[in-house]
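Pasting input-v3.pdb here (PDB, C-alpha atoms, pLDDT in the B column):
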```
ATOM      1  CA  MET A1012     151.510 191.371 112.874  1.00 67.00           C
ATOM      2  CA  SER A1013     154.993 192.157 111.635  1.00 88.00           C
ATOM      3  CA  ARG A1014     156.132 195.532 110.376  1.00 87.00           C
ATOM      4  CA  ARG A1015     156.633 193.930 106.958  1.00 92.00           C
ATOM      5  CA  GLU A1016     153.018 192.703 106.862  1.00 95.00           C
ATOM      6  CA  ASP A1017     151.794 196.142 107.904  1.00 96.00           C
ATOM      7  CA  ILE A1018     153.819 197.741 105.110  1.00 96.00           C
ATOM      8  CA  LEU A1019     152.292 195.359 102.558  1.00 97.00           C
ATOM      9  CA  LEU A1020     148.810 196.271 103.785  1.00 98.00           C
ATOM     10  CA  LEU A1021     149.619 199.989 103.572  1.00 98.00           C
ATOM     11  CA  GLN A1022     150.853 199.480 100.016  1.00 98.00           C
ATOM     12  CA  ASP A1023     147.585 197.737  99.174  1.00 98.00           C
ATOM     13  CA  MET A1024     145.603 200.596 100.726  1.00 98.00           C
ATOM     14  CA  LEU A1025     147.619 203.126  98.744  1.00 98.00           C
ATOM     15  CA  GLU A1026     147.274 201.244  95.463  1.00 98.00           C
ATOM     16  CA  HIS A1027     143.493 201.021  95.713  1.00 98.00           C
ATOM     17  CA  ALA A1028     143.066 204.588  96.947  1.00 98.00           C
ATOM     18  CA  ARG A1029     145.038 205.725  93.912  1.00 98.00           C
ATOM     19  CA  LEU A1030     142.857 203.607  91.634  1.00 98.00           C
ATOM     20  CA  VAL A1031     139.771 205.428  92.907  1.00 98.00           C
ATOM     21  CA  ARG A1032     141.488 208.809  92.600  1.00 97.00           C
ATOM     22  CA  ASP A1033     142.574 208.058  89.050  1.00 96.00           C
ATOM     23  CA  ALA A1034     139.168 206.714  88.020  1.00 96.00           C
ATOM     24  CA  ALA A1035     137.457 209.816  89.417  1.00 97.00           C
ATOM     25  CA  SER A1036     139.927 212.339  88.038  1.00 96.00           C
ATOM     26  CA  THR A1037     137.865 212.917  84.894  1.00 96.00           C
ATOM     27  CA  ARG A1038     134.475 212.229  86.460  1.00 97.00           C
ATOM     28  CA  SER A1039     131.869 214.118  88.441  1.00 96.00           C
ATOM     29  CA  ARG A1040     129.470 213.339  91.257  1.00 97.00           C
ATOM     30  CA  VAL A1041     126.710 212.749  88.672  1.00 97.00           C
ATOM     31  CA  ASP A1042     128.704 209.863  87.229  1.00 97.00           C
ATOM     32  CA  LEU A1043     128.181 207.881  90.443  1.00 96.00           C
ATOM     33  CA  GLU A1044     124.485 207.774  89.582  1.00 95.00           C
ATOM     34  CA  SER A1045     124.693 207.465  85.823  1.00 97.00           C
ATOM     35  CA  ASP A1046     127.576 204.999  85.454  1.00 97.00           C
ATOM     36  CA  ARG A1047     127.010 201.837  87.456  1.00 96.00           C
ATOM     37  CA  MET A1048     130.403 200.386  86.571  1.00 97.00           C
ATOM     38  CA  PHE A1049     132.199 203.523  87.756  1.00 97.00           C
ATOM     39  CA  ARG A1050     130.244 203.479  90.999  1.00 97.00           C
ATOM     40  CA  ALA A1051     130.872 199.762  91.516  1.00 96.00           C
ATOM     41  CA  ALA A1052     134.594 200.187  90.877  1.00 97.00           C
ATOM     42  CA  CYS A1053     134.840 203.072  93.356  1.00 97.00           C
ATOM     43  CA  GLU A1054     132.893 201.169  95.988  1.00 97.00           C
ATOM     44  CA  ARG A1055     134.964 198.024  95.537  1.00 97.00           C
ATOM     45  CA  PHE A1056     138.315 199.796  95.670  1.00 98.00           C
ATOM     46  CA  ILE A1057     137.264 201.721  98.780  1.00 98.00           C
ATOM     47  CA  GLU A1058     136.136 198.421 100.336  1.00 98.00           C
ATOM     48  CA  ILE A1059     139.608 197.017  99.707  1.00 98.00           C
ATOM     49  CA  VAL A1060     141.202 200.059 101.344  1.00 98.00           C
ATOM     50  CA  GLY A1061     139.043 199.392 104.402  1.00 98.00           C
ATOM     51  CA  GLU A1062     139.670 195.670 104.418  1.00 98.00           C
ATOM     52  CA  ALA A1063     143.430 196.183 104.320  1.00 98.00           C
ATOM     53  CA  ALA A1064     143.147 198.820 107.067  1.00 98.00           C
ATOM     54  CA  SER A1065     141.245 196.363 109.251  1.00 98.00           C
ATOM     55  CA  LYS A1066     144.186 193.950 109.082  1.00 97.00           C
ATOM     56  CA  VAL A1067     146.907 196.448 110.006  1.00 98.00           C
ATOM     57  CA  GLY A1068     148.323 195.578 113.422  1.00 96.00           C
ATOM     58  CA  ASP A1069     147.115 197.393 116.530  1.00 96.00           C
ATOM     59  CA  ASP A1070     150.639 198.495 117.437  1.00 94.00           C
ATOM     60  CA  PHE A1071     151.065 200.166 114.069  1.00 94.00           C
ATOM     61  CA  LYS A1072     147.634 201.813 114.298  1.00 96.00           C
ATOM     62  CA  SER A1073     148.425 203.120 117.775  1.00 95.00           C
ATOM     63  CA  ALA A1074     151.697 204.551 116.519  1.00 93.00           C
ATOM     64  CA  HIS A1075     149.867 206.336 113.666  1.00 93.00           C
ATOM     65  CA  PRO A1076     146.739 207.920 115.159  1.00 95.00           C
ATOM     66  CA  ASP A1077     146.718 210.560 112.390  1.00 94.00           C
ATOM     67  CA  ILE A1078     145.298 207.944 110.026  1.00 96.00           C
ATOM     68  CA  PRO A1079     141.543 207.584 110.687  1.00 96.00           C
ATOM     69  CA  TRP A1080     141.587 203.789 110.992  1.00 98.00           C
ATOM     70  CA  ARG A1081     138.088 203.412 112.488  1.00 97.00           C
ATOM     71  CA  ARG A1082     136.496 205.634 109.842  1.00 97.00           C
ATOM     72  CA  ILE A1083     138.227 203.753 107.045  1.00 98.00           C
ATOM     73  CA  VAL A1084     137.117 200.365 108.365  1.00 98.00           C
ATOM     74  CA  GLY A1085     133.658 201.747 109.163  1.00 96.00           C
ATOM     75  CA  THR A1086     133.282 202.947 105.583  1.00 96.00           C
ATOM     76  CA  ARG A1087     134.206 199.490 104.360  1.00 97.00           C
ATOM     77  CA  ASN A1088     131.560 197.969 106.617  1.00 96.00           C
ATOM     78  CA  ILE A1089     128.890 200.340 105.334  1.00 95.00           C
ATOM     79  CA  LEU A1090     129.781 199.578 101.720  1.00 95.00           C
ATOM     80  CA  VAL A1091     129.682 195.840 102.334  1.00 94.00           C
ATOM     81  CA  HIS A1092     126.719 195.535 104.679  1.00 95.00           C
ATOM     82  CA  GLY A1093     124.688 198.647 103.918  1.00 90.00           C
ATOM     83  CA  TYR A1094     125.201 198.662 100.177  1.00 79.00           C
ATOM     84  CA  ALA A1095     121.531 199.388  99.457  1.00 85.00           C
ATOM     85  CA  GLN A1096     121.627 202.600 101.481  1.00 88.00           C
ATOM     86  CA  ILE A1097     124.853 204.234 100.349  1.00 93.00           C
ATOM     87  CA  ASP A1098     124.663 208.028 100.286  1.00 95.00           C
ATOM     88  CA  LEU A1099     126.326 209.031  97.033  1.00 96.00           C
ATOM     89  CA  ASP A1100     127.083 212.528  98.318  1.00 96.00           C
ATOM     90  CA  ILE A1101     129.077 211.013 101.167  1.00 96.00           C
ATOM     91  CA  LEU A1102     130.770 208.577  98.786  1.00 97.00           C
ATOM     92  CA  TRP A1103     131.791 211.483  96.535  1.00 98.00           C
ATOM     93  CA  ASP A1104     133.147 213.415  99.535  1.00 97.00           C
ATOM     94  CA  ILE A1105     135.229 210.373 100.446  1.00 97.00           C
ATOM     95  CA  ILE A1106     136.581 210.249  96.896  1.00 98.00           C
ATOM     96  CA  GLU A1107     137.241 213.989  96.613  1.00 97.00           C
ATOM     97  CA  ILE A1108     138.320 214.893 100.160  1.00 97.00           C
ATOM     98  CA  ASP A1109     139.219 211.879 102.276  1.00 97.00           C
ATOM     99  CA  LEU A1110     141.105 209.714  99.781  1.00 97.00           C
ATOM    100  CA  PRO A1111     143.562 212.428  98.668  1.00 97.00           C
ATOM    101  CA  GLU A1112     144.409 213.055 102.332  1.00 97.00           C
ATOM    102  CA  LEU A1113     144.797 209.331 102.958  1.00 98.00           C
ATOM    103  CA  ILE A1114     146.985 208.928  99.888  1.00 98.00           C
ATOM    104  CA  GLU A1115     149.248 211.679 101.178  1.00 97.00           C
ATOM    105  CA  GLN A1116     149.460 210.090 104.638  1.00 96.00           C
ATOM    106  CA  LEU A1117     150.235 206.656 103.205  1.00 97.00           C
ATOM    107  CA  GLU A1118     152.843 208.025 100.820  1.00 96.00           C
ATOM    108  CA  LEU A1119     154.592 209.778 103.699  1.00 94.00           C
ATOM    109  CA  GLU A1120     154.531 206.641 105.823  1.00 92.00           C
ATOM    110  CA  LEU A1121     155.803 204.406 103.055  1.00 93.00           C
ATOM    111  CA  ASP A1122     158.595 206.839 102.146  1.00 90.00           C
ATOM    112  CA  GLU A1123     160.034 206.574 105.659  1.00 67.00           C
TER     113      GLU A1123
END
```
Do you think you could lay out the structure here as structure tokens?
Amino acid sequence: MSRREDILLLQDMLEHARLVRDAASTRSRVDLESDRMFRAACERFIEIVGEAASKVGDDFKSAHPDIPWRRIVGTRNILVHGYAQIDLDILWDIIEIDLPELIEQLELELDE
């Protein structure tokens, strides 16, 4: 994997993390239950973040251990394969806590 390919994947991760953040900015945890389209959009965008993360090269991941690569990819796997058992409280915590931190990390990396 080239540095250029890794950068493109990071940009994709950042774009989709921001989409979730923006979609949730005027929403609440209750909306995940009451608005199926909102929930589906959040799940799908988070899946894409995880899919892109899974393709980032091992050398880049090793050089950036501050980014929780395994958790990101693991979340993607749960959303894809365990979709019927998604804990909406955990999903909301990802949206409210984890994604803003990830966005900040990705922005810092891409600014370098």
Inset, instruction - Have a look at A:Ile1057, A:Leu1043, A:Ile1018, A:Met1048 and name the one nearest to Asp1109 (chain A); count only C-alpha atoms. - result: A:Ile1057
Inset, instruction - May I ask for the distance between CA of Val1041 (chain A) and CA of Pro1079 (chain A), given in Å to one decimal place? - result: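 Calculated distance between CA of Val1041 (chain A) and CA of Pro1079 (chain A) is 27.0 Å.
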Inset, instruction - In Å, rounded to a single decimal, give me how far CA of Lys1072 (chain A) is from CA of Gln1096 (chain A). - result: 29.0 Å
Inset, instruction - Name all residues at most 10 Å from Ala1034 (chain A) (count all atoms listed in the file; drop same-chain ones fewer than 6 positions away) and give them as a ChimeraX atom specification. - result: /A:1028,1049-1050,1052-1053,1106
Inset, instruction - Determine the residue set returned by the PyMOL selection byres ((chain A and resi 1085) around 12) for the present structure, and present it as a list in words. - result: Ile1057, Glu1058, Val1060, Gly1061, Glu1062, Ala1064, Ser1065, Pro1079, Trp1080, Arg1081, Arg1082, Ile1083, Val1084, Thr1086, Arg1087, Asn1088, Ile1089, Leu1090, Val1091, His1092 and Gly1093 of chain A
Put a box with edges along x, y and z around all the listed atoms of region 1046-1054 of chain A, pad it by 8 Å on each side, then give me its centre and sizes in Å, one decimal, as JSON.
```
{"center_x": 130.9, "center_y": 202.4, "center_z": 90.7, "size_x": 23.8, "size_y": 21.2, "size_z": 26.5}
```
Inset, instruction - Check the smallest atom-to-atom distance from each of A:Asp1046, A:Asp1017, A:Asp1033, A:Glu1054 to Asp1070 (chain A) using all atoms listed in the file, then report the winner. - result: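 The closest residue to Asp1070 (chain A) is A:Asp1017.
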Quick one: apply the PyMOL selection byres ((chain A and resi 1099) around 10) to the file and drop the selected residues here as a short mmCIF file (atom, residue, chain, number, x, y, z; two decimals) with C-alpha atoms, in the frame of the given file.
```cif
data_model
loop_
_atom_site.label_atom_id
_atom_site.label_comp_id
_atom_site.auth_asym_id
_atom_site.auth_seq_id
_atom_site.Cartn_x
_atom_site.Cartn_y
_atom_site.Cartn_z
CA ARG A 1040 129.47 213.34 91.26
CA VAL A 1041 126.71 212.75 88.67
CA LEU A 1043 128.18 207.88 90.44
CA GLU A 1044 124.48 207.77 89.58
CA ARG A 1050 130.24 203.48 91.00
CA GLN A 1096 121.63 202.60 101.48
CA ILE A 1097 124.85 204.23 100.35
CA ASP A 1098 124.66 208.03 100.29
CA ASP A 1100 127.08 212.53 98.32
CA ILE A 1101 129.08 211.01 101.17
CA LEU A 1102 130.77 208.58 98.79
CA TRP A 1103 131.79 211.48 96.54
CA ASP A 1104 133.15 213.42 99.54
CA ILE A 1105 135.23 210.37 100.45
#
```
Inset, instruction - Spell out the residues picked by the PyMOL selection byres ((chain A and resi 1027) around 8) here, as a PyMOL selection string. - result: chain A and resi 1023-1026+1028-1031+1056-1057+1059-1060
Take the residues just selected and output them with C-alpha atoms as an mmCIF file, keeping the file's coordinate frame.
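selection16.cif, written as the output of this step:
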```cif
data_model
loop_
_atom_site.group_PDB
_atom_site.id
_atom_site.type_symbol
_atom_site.label_atom_id
_atom_site.label_comp_id
_atom_site.auth_asym_id
_atom_site.auth_seq_id
_atom_site.Cartn_x
_atom_site.Cartn_y
_atom_site.Cartn_z
ATOM 1 C CA ASP A 1023 147.585 197.737 99.174
ATOM 2 C CA MET A 1024 145.603 200.596 100.726
ATOM 3 C CA LEU A 1025 147.619 203.126 98.744
ATOM 4 C CA GLU A 1026 147.274 201.244 95.463
ATOM 5 C CA ALA A 1028 143.066 204.588 96.947
ATOM 6 C CA ARG A 1029 145.038 205.725 93.912
ATOM 7 C CA LEU A 1030 142.857 203.607 91.634
ATOM 8 C CA VAL A 1031 139.771 205.428 92.907
ATOM 9 C CA PHE A 1056 138.315 199.796 95.670
ATOM 10 C CA ILE A 1057 137.264 201.721 98.780
ATOM 11 C CA ILE A 1059 139.608 197.017 99.707
ATOM 12 C CA VAL A 1060 141.202 200.059 101.344
#
```
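Taking CA of Glu1120 (chain A) as the reference point, CA of His1075 (chain A) is found at 9.1 Å.
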